[in-house]
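Notes follow the structure.
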Amino acid sequence: MEQDTTQPTGPARYPGAATVEDFARNIAAVRARMTAAAERAGRDAARVRLLPVSKTVPEERLRLAVRAGCDVLGENKVQEAKRKAENLADLDVSWSVIGHLQTNKARFVAAFASEFQALDSLRVAEALDRRLQAEGRGLDVFVQVNTSAEESKYGLPPEEVAAFLARLPQYGALRVKGLMTLALFTDDADRVRECFVTLRTIRDQARQDAPDGIGLDELSMGMSGDYEIAIEEGATVVRVGQAIFGARPTTDAKYWPGS
Ligand SMILES: *Cc1c(COP(=O)(O)O)cnc(C)c1O
């Protein structure tokens, strides 16, 4: 499919947001591009959820984003998410943890998150389930898949997904919704698209013998630089940070190993 080449690149591509109006404008611009991408692919735009990713953005600015309509915020790091959830407890906003989780931090996620998108080990599934059962809570989860074959990326190798899904029904507090991936970090749109096609293909195959109760309707794929391609390839959730909050000044090495 044709790529839009009119979009500026570099920092100008991601205007900052310092007021509620700025946030409303950035969100509206992203939604318009999401709708256009869905239409190009003959999909219903209402079936694609925008998850604003607020990592590195301080709480004062998150209050503005919430006033502009964000009711779920995505965070990569558990400690940062936990701090924000505590500091913004007066707001009606829920939290999606989208980054790799260590077993010893599962208890935090079980305590405050409504969604976890980076499940890639049974140890973490077990730790989350135990804490969730104790708290009487449930958690929506996505299984993260490494579709780019990069050593540095988290997520299960594609060939292990089916066997992993087969083990998940034993963790009753985890509501499995679908799969999540990060595409290759490259400007080559064809190679990015390949990662998204891979995730969709794995999902379609896994669906055939997934156990009862394991939902695979959701595909979380696409970020500020590639969400339109992801929607064209079937994304039902796009995780968008910079296009809403402005360019991140900091390097992403802290969030992604090897980036
Ligand atoms: C930061 C992050 C995103 C969003 O990236 P942007 O470039 O800010 O849109 C998406 N997914 C994950 C896992 C992230 O850590």
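Going through the structure tokens in order, the chains are called A, B, and so on, while each chain numbers its residues from 1 and the ligands are numbered from 1 in the order shown.
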
(request) Name the residues in contact with Thr103 in chain A at a cut-off of 10 Å, using only C-alpha atoms, excluding same-chain residues fewer than 2 positions from it; report them as a ChimeraX atom specification. (result) /A:100-101,105-107,121-128

(request) Output the neighbourhood of ligand 1 as an MDAnalysis selection string, that is, all protein and nucleic acid residues with some atom at most 6 Å from the ligand, counting only C-alpha atoms and all ligand atoms. (result) chainID A and resid 53 76 98:99 223:224 239:242 255

May I have the selected residues written with C-alpha atoms, as a PDB file, in the first residue's frame?
ATOM      1  CA  VAL A  53       2.001   6.079  25.902  1.00  0.00           C
ATOM      2  CA  ASN A  76       6.923   0.924  29.816  1.00  0.00           C
ATOM      3  CA  ILE A  98       3.594  -2.279  28.063  1.00  0.00           C
ATOM      4  CA  GLY A  99       7.226  -3.063  28.925  1.00  0.00           C
ATOM      5  CA  MET A 223       3.837   3.243  17.546  1.00  0.00           C
ATOM      6  CA  SER A 224       4.178   6.911  16.542  1.00  0.00           C
ATOM      7  CA  ARG A 239       0.599   2.407  21.301  1.00  0.00           C
ATOM      8  CA  VAL A 240       1.345   6.044  20.540  1.00  0.00           C
ATOM      9  CA  GLY A 241       3.604   8.239  22.653  1.00  0.00           C
ATOM     10  CA  GLN A 242       5.521  10.964  20.834  1.00  0.00           C
ATOM     11  CA  TYR A 255      13.254   1.387  27.652  1.00  0.00           C
TER      12      TYR A 255
END

(message) Residues near Asp22 in chain A, anyone? I mean within 12 Å using only C-alpha atoms, not counting same-chain ones fewer than 3 positions away, as a list in words.
(response) Tyr14, Pro15, Gly16, Ala17, Ala18, Thr19, Arg25, Asn26, Ile27, Ala28, Ala29, Arg61, Leu64, Ala65, Arg67, Ala68, Gly69, Ala243, Ile244, Phe245 and Gly246 of chain A

Long-range neighbours of Ile231 in chain A as a JSON list (two decimals) with C-alpha atoms, in the first residue's frame, 9 Å cut-off, only C-alpha atoms, 3 positions minimum in chain:
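That gives us result.json:
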[["chain", "number", "residue", "atom", "x", "y", "z"],
["A", 34, "MET", "CA", -5.86, 6.18, 12.23],
["A", 37, "ALA", "CA", -5.45, 4.04, 7.58],
["A", 38, "ALA", "CA", -8.42, 1.89, 8.59],
["A", 41, "ALA", "CA", -7.57, -1.22, 4.54],
["A", 43, "ARG", "CA", -11.49, -1.82, 8.22],
["A", 45, "ALA", "CA", -11.85, 2.48, 12.56],
["A", 48, "VAL", "CA", -8.80, 0.21, 16.62],
["A", 221, "MET", "CA", 1.19, -3.21, 17.17],
["A", 222, "GLY", "CA", 2.30, 0.17, 15.87],
["A", 226, "ASP", "CA", 4.47, 3.13, 12.18],
["A", 227, "TYR", "CA", 0.91, 2.96, 13.53],
["A", 228, "GLU", "CA", -0.66, 3.55, 10.12],
["A", 234, "GLY", "CA", -4.78, -5.52, 11.35],
["A", 235, "ALA", "CA", -3.76, -3.73, 14.57],
["A", 236, "THR", "CA", -6.60, -3.40, 17.09],
["A", 237, "VAL", "CA", -4.46, -1.41, 19.56],
["A", 238, "VAL", "CA", -1.81, 1.16, 18.62]]

(request) Select, from A:Val93, A:Ile214, A:Leu168, A:Leu199, the residue with the minimum atom-to-atom distance to Val72 in chain A, counting only C-alpha atoms. (result)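 Smallest distance to Val72 in chain A is found for A:Val93.
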
(request) Identify, with DSSP run on backbone atoms, the residues in range 40-204 of chain A assigned to helix (DSSP H, G or I), and express the list as a PyMOL selection string. (result) chain A and resi 40+45-47+59-67+78-87+103-112+122-135+158-170+189-204

(request) Can you pull out every residue within 8 Å of range 131-148 of chain A, counting only C-alpha atoms, but drop anything in the same chain fewer than 5 positions away, and send it as a PyMOL selection string? (result) chain A and resi 106-107+110-111+113-120+153-158+161+173-184+195-196+198-199+220
